[in-house]
Amino acid sequence: MLVRCYKNKFIIIKKLDKIFYTMINPTQLRAFHAVATHGSFSGAAAQVGLTQPAITIQVRNLEKIYGLILFERSGDGAKLTPTGTELFHLTGDMFDIYDRIDGYLAAARDVQTGTIRLAADSPHLATKIITAFHAEFPGVHVTLGLGNAPLVWNDLAEGRADAVIAADAPNDPVNHIVPLRDGRLVVIVGADHPWAAQDQVGIRTLNGQTTVLRERRSNTRRMVDRLTRQYGVALDTRLELDSREAVVEAVAAGLGIGFIFDSEVTPDRRVNAVRLDGVDARNQEVAACLQARRRHNMVRAFMETAAEWAKSAD
């Protein structure tokens with residue numbers, strides 16, 4: 001340890017590996033805390049908004065500075081050592097205080113103007129909640145990006161959206177979730193299709209049917225693929241589309257049958273929704289924000305609006 005005098009002030013400097021450090025690096029602590037929370041460097045990178053190599057470098061530098069081993073590494077996995085576990089308790093307390101400060105400062109502002117960035121996997125539910133939000137906060141500018149569920153959740157994790165409305169929520173404690181509604185998978189057919197007058201069809205009657213489907217990463221497509229495998233059904237897929245609106249248009253044009261959740265069905269004389277007999281395939285649509293952002297005044301106001309909408313829709 002070195003003690004130096006500068007302008008009549010004594011400065012204590014700790015020397016490690018010939019490098020002088022005078023303060024703890026918060027970026028390194030945030031990287032460490034994210035890895036400890038997720039148990040992996042890739043998961044931490046998504047939360048913090050850095051690349052995986054950058055997260056790795058920050059953690060290694062922290063270990064090097066203090067001559068400690070904080071993680072036992074195996075591939076991308078990272079298990080806390082006893083020293084790392086103790087540090088994790090301390091960083092948890094520290095970032096909880098950060099969040100409380102952020103929440104206090106955000107709450108001190110009045111939600112009258114500004115912008116909130118939203119992402120959703122369906123315009124139908126999103127526009128209903130945005131309408132309710134605008135009624136309460138007419139001066140707030142809202143941007144809405146649309147995509148399939150995996151893309152929407154990536155937007156939230158990587159900071160491109162302040163809040164999202166989507167199905168298939170990942171089981172991740174960094175997200176604050178507000179349930180909105182459930183939807184059941186149904187078949188949609190053209191108004192002149194033989195099934196249009198039926199209330200329901202057996203799932204095995206789908207075998208060989210000409211079909212238009214969502215893209216493979218969509219929540220709807222993954223559920224359809226799971227059901228067809230489970231019941232041994234082979235669809236004659238002629239077209240893959242990247243939105244449910246496009247699927248409805250294709251079905252209305254007579255290009256085949258399609259699939260949608262009944263919570264997303266809107267009045268359209270060109271198509272009919274038909275239940276699948278004996279099949280209860282559902283998804284839950286939610287509103288979500290990051291736990292670290294839920295006290296931000298704009299985000300908090302939107303999430304409260306979503307929760308109130310869900311209560312009124314029951």
# chains A, B, ... in the order shown; residues from 1 in each chain; ligands from 1
$ residues_around --residues "Thr56 of chain A" --least-positions-apart "5" --cutoff "12 Å" --atoms "only C-alpha atoms" --output "compact mmCIF listing (two decimals) with C-alpha atoms, in the first residue's frame"
# COMPACT_ATOMS: atom_id res chain seq x y z
CA THR A 27 -19.47 -1.65 -14.48
CA GLN A 28 -17.51 -4.67 -13.26
CA LEU A 29 -19.86 -5.13 -10.32
CA ARG A 30 -22.92 -4.87 -12.58
CA ALA A 31 -21.42 -7.47 -14.93
CA PHE A 32 -20.66 -9.77 -11.98
CA ALA A 34 -25.80 -10.10 -13.91
CA VAL A 35 -23.76 -13.30 -14.38
CA SER A 40 -24.42 -17.70 -17.45
CA PHE A 41 -22.42 -15.07 -19.32
CA SER A 42 -24.78 -15.05 -22.34
CA GLY A 43 -27.84 -14.40 -20.16
CA ALA A 44 -25.99 -11.62 -18.36
CA ALA A 45 -25.00 -10.03 -21.67
CA LEU A 50 -23.21 -5.75 -23.62
CA THR A 51 -21.68 -8.49 -25.72
CA ASN A 61 -10.81 -7.82 -14.55
CA LEU A 62 -12.70 -7.72 -11.25
CA GLU A 63 -11.22 -11.09 -10.28
CA PHE A 71 -17.10 -18.19 -10.51
CA ARG A 73 -16.87 -21.85 -15.14
CA ASP A 76 -21.15 -20.71 -20.77
CA GLY A 77 -22.33 -21.71 -17.29
CA ALA A 78 -21.01 -19.97 -14.19
$ select_by_dssp --residues "segment 246-275 of chain A" --states "helix (DSSP H, G or I)" --output "PyMOL selection string"
chain A and resi 246-252+262-264
$ closest_residue --among "A:Thr91, A:Asn272, A:Asn283, A:Thr211" --to "Gly258 of chain A" --atoms "only C-alpha atoms"
A:Thr211
$ closest_residue --among "A:Pro173, A:Phe302, A:Val265, A:Arg217" --to "Thr131 of chain A" --atoms "only C-alpha atoms"
A:Phe302
$ select_by_dssp --residues "segment 39-155 of chain A" --states "strand (DSSP E or B)" --output "list in words"
Ser40, Phe71, Glu72, Arg73, Ser74, Gly77, Ala78, Lys79, Leu80, Gly114, Thr115, Ile116, Arg117, Leu118, Ala119, Ala120, Val140, His141, Val142, Thr143, Leu144, Gly145 and Leu146 of chain A
$ atom_distance --atom1 "atom CA of Asp225 of chain A" --atom2 "atom CA of Leu255 of chain A"
19.4 Å
$ atom_distance --atom1 "atom CA of Arg295 of chain A" --atom2 "atom CA of His124 of chain A"
26.6 Å
$ residues_around --residues "Glu136 of chain A" --least-positions-apart "6" --cutoff "10 Å" --atoms "only C-alpha atoms" --output "PyMOL selection string"
chain A and resi 111-112+130+301-302+305
$ residues_around --residues "Gly278 of chain A" --least-positions-apart "4" --cutoff "10 Å" --atoms "only C-alpha atoms" --output "PyMOL selection string"
chain A and resi 200-203
$ write_last_selection --atoms "all heavy atoms" --output "PDB file, in the first residue's frame"
ATOM      1  N   GLN A 200     -66.939 -27.141 -34.311  1.00  0.00           N
ATOM      2  CA  GLN A 200     -65.660 -27.746 -33.980  1.00  0.00           C
ATOM      3  C   GLN A 200     -65.346 -28.875 -34.941  1.00  0.00           C
ATOM      4  O   GLN A 200     -66.224 -29.406 -35.623  1.00  0.00           O
ATOM      5  CB  GLN A 200     -65.669 -28.283 -32.546  1.00  0.00           C
ATOM      6  CG  GLN A 200     -66.736 -29.330 -32.285  1.00  0.00           C
ATOM      7  CD  GLN A 200     -66.826 -29.716 -30.822  1.00  0.00           C
ATOM      8  OE1 GLN A 200     -66.390 -28.974 -29.946  1.00  0.00           O
ATOM      9  NE2 GLN A 200     -67.372 -30.887 -30.549  1.00  0.00           N
ATOM     10  N   VAL A 201     -64.058 -29.214 -35.019  1.00  0.00           N
ATOM     11  CA  VAL A 201     -63.588 -30.330 -35.835  1.00  0.00           C
ATOM     12  C   VAL A 201     -62.581 -31.128 -35.013  1.00  0.00           C
ATOM     13  O   VAL A 201     -61.921 -30.589 -34.128  1.00  0.00           O
ATOM     14  CB  VAL A 201     -62.936 -29.861 -37.162  1.00  0.00           C
ATOM     15  CG1 VAL A 201     -63.944 -29.191 -38.067  1.00  0.00           C
ATOM     16  CG2 VAL A 201     -61.749 -28.942 -36.892  1.00  0.00           C
ATOM     17  N   GLY A 202     -62.471 -32.417 -35.290  1.00  0.00           N
ATOM     18  CA  GLY A 202     -61.468 -33.242 -34.641  1.00  0.00           C
ATOM     19  C   GLY A 202     -60.086 -32.920 -35.190  1.00  0.00           C
ATOM     20  O   GLY A 202     -59.933 -32.638 -36.383  1.00  0.00           O
ATOM     21  N   ILE A 203     -59.083 -33.006 -34.348  1.00  0.00           N
ATOM     22  CA  ILE A 203     -57.757 -32.607 -34.795  1.00  0.00           C
ATOM     23  C   ILE A 203     -57.223 -33.522 -35.891  1.00  0.00           C
ATOM     24  O   ILE A 203     -56.502 -33.082 -36.784  1.00  0.00           O
ATOM     25  CB  ILE A 203     -56.764 -32.533 -33.607  1.00  0.00           C
ATOM     26  CG1 ILE A 203     -55.439 -31.896 -34.082  1.00  0.00           C
ATOM     27  CG2 ILE A 203     -56.538 -33.915 -32.981  1.00  0.00           C
ATOM     28  CD1 ILE A 203     -54.529 -31.497 -32.968  1.00  0.00           C
TER      29      ILE A 203
END
$ residues_around --residues "Trp309 of chain A" --least-positions-apart "4" --cutoff "12 Å" --atoms "only C-alpha atoms" --output "PyMOL selection string"
chain A and resi 125-133+178-181+286-287+302-305+313-314
$ write_last_selection --atoms "N, CA and C atoms" --output "mmCIF file, in the first residue's frame"
data_model
loop_
_atom_site.group_PDB
_atom_site.id
_atom_site.type_symbol
_atom_site.label_atom_id
_atom_site.label_comp_id
_atom_site.auth_asym_id
_atom_site.auth_seq_id
_atom_site.Cartn_x
_atom_site.Cartn_y
_atom_site.Cartn_z
ATOM 1 N N LEU A 125 -54.506 -6.666 -29.086
ATOM 2 C CA LEU A 125 -54.494 -6.421 -27.651
ATOM 3 C C LEU A 125 -53.718 -5.149 -27.332
ATOM 4 N N ALA A 126 -52.609 -4.944 -28.016
ATOM 5 C CA ALA A 126 -51.769 -3.775 -27.736
ATOM 6 C C ALA A 126 -52.542 -2.482 -27.928
ATOM 7 N N THR A 127 -53.303 -2.373 -29.007
ATOM 8 C CA THR A 127 -54.026 -1.127 -29.267
ATOM 9 C C THR A 127 -55.114 -0.874 -28.232
ATOM 10 N N LYS A 128 -55.713 -1.938 -27.686
ATOM 11 C CA LYS A 128 -56.721 -1.761 -26.639
ATOM 12 C C LYS A 128 -56.105 -1.149 -25.384
ATOM 13 N N ILE A 129 -54.931 -1.651 -25.013
ATOM 14 C CA ILE A 129 -54.289 -1.131 -23.799
ATOM 15 C C ILE A 129 -53.709 0.253 -24.052
ATOM 16 N N ILE A 130 -53.180 0.489 -25.248
ATOM 17 C CA ILE A 130 -52.683 1.827 -25.580
ATOM 18 C C ILE A 130 -53.820 2.842 -25.541
ATOM 19 N N THR A 131 -55.003 2.448 -26.013
ATOM 20 C CA THR A 131 -56.164 3.338 -25.955
ATOM 21 C C THR A 131 -56.489 3.717 -24.512
ATOM 22 N N ALA A 132 -56.460 2.724 -23.614
ATOM 23 C CA ALA A 132 -56.716 2.997 -22.199
ATOM 24 C C ALA A 132 -55.627 3.894 -21.613
ATOM 25 N N PHE A 133 -54.391 3.678 -22.022
ATOM 26 C CA PHE A 133 -53.266 4.488 -21.533
ATOM 27 C C PHE A 133 -53.392 5.930 -22.017
ATOM 28 N N VAL A 178 -47.409 -8.900 -15.837
ATOM 29 C CA VAL A 178 -48.812 -8.687 -15.499
ATOM 30 C C VAL A 178 -49.659 -9.519 -16.462
ATOM 31 N N PRO A 179 -50.330 -10.586 -15.995
ATOM 32 C CA PRO A 179 -51.179 -11.394 -16.879
ATOM 33 C C PRO A 179 -52.336 -10.568 -17.425
ATOM 34 N N LEU A 180 -52.670 -10.783 -18.710
ATOM 35 C CA LEU A 180 -53.739 -10.022 -19.346
ATOM 36 C C LEU A 180 -54.927 -10.899 -19.724
ATOM 37 N N ARG A 181 -54.706 -11.953 -20.526
ATOM 38 C CA ARG A 181 -55.811 -12.811 -20.943
ATOM 39 C C ARG A 181 -55.246 -14.107 -21.504
ATOM 40 N N VAL A 286 -49.412 -11.385 -21.825
ATOM 41 C CA VAL A 286 -49.029 -10.609 -20.648
ATOM 42 C C VAL A 286 -48.489 -9.255 -21.068
ATOM 43 N N ALA A 287 -48.468 -8.340 -20.123
ATOM 44 C CA ALA A 287 -47.670 -7.119 -20.247
ATOM 45 C C ALA A 287 -46.438 -7.323 -19.378
ATOM 46 N N PHE A 302 -47.756 2.718 -17.319
ATOM 47 C CA PHE A 302 -48.262 1.825 -18.370
ATOM 48 C C PHE A 302 -48.623 0.459 -17.795
ATOM 49 N N MET A 303 -47.773 -0.088 -16.929
ATOM 50 C CA MET A 303 -48.043 -1.404 -16.355
ATOM 51 C C MET A 303 -49.298 -1.366 -15.482
ATOM 52 N N GLU A 304 -49.514 -0.272 -14.758
ATOM 53 C CA GLU A 304 -50.731 -0.151 -13.957
ATOM 54 C C GLU A 304 -51.966 -0.076 -14.857
ATOM 55 N N THR A 305 -51.844 0.628 -15.984
ATOM 56 C CA THR A 305 -52.956 0.686 -16.939
ATOM 57 C C THR A 305 -53.269 -0.712 -17.474
ATOM 58 N N ALA A 313 -61.486 -6.553 -18.082
ATOM 59 C CA ALA A 313 -61.803 -7.504 -19.148
ATOM 60 C C ALA A 313 -62.287 -8.839 -18.610
ATOM 61 N N ASP A 314 -62.088 -9.083 -17.308
ATOM 62 C CA ASP A 314 -62.522 -10.361 -16.698
ATOM 63 C C ASP A 314 -64.045 -10.513 -16.744
#
$ atom_distance --atom1 "atom CA of Glu215 of chain A" --atom2 "atom CA of Leu241 of chain A"
5.7 Å
$ closest_residue --among "A:Val48, A:Asp199, A:His89, A:Arg221" --to "Asn148 of chain A" --atoms "only C-alpha atoms"
A:Arg221
$ closest_residue --among "A:Ser243, A:Ala167, A:Pro26, A:Ala252" --to "Asp268 of chain A" --atoms "only C-alpha atoms"
A:Ala252
$ residues_around --residues "Gly114 of chain A" --least-positions-apart "6" --cutoff "8 Å" --atoms "only C-alpha atoms" --output "MDAnalysis selection string"
chainID A and resid 139:141
$ closest_residue --among "A:Pro267, A:His38, A:Ala310, A:Asp102" --to "Asn171 of chain A" --atoms "only C-alpha atoms"
A:His38
$ closest_residue --among "A:Ile97, A:Ile69, A:Leu213, A:His134" --to "Thr81 of chain A" --atoms "only C-alpha atoms"
A:Ile69
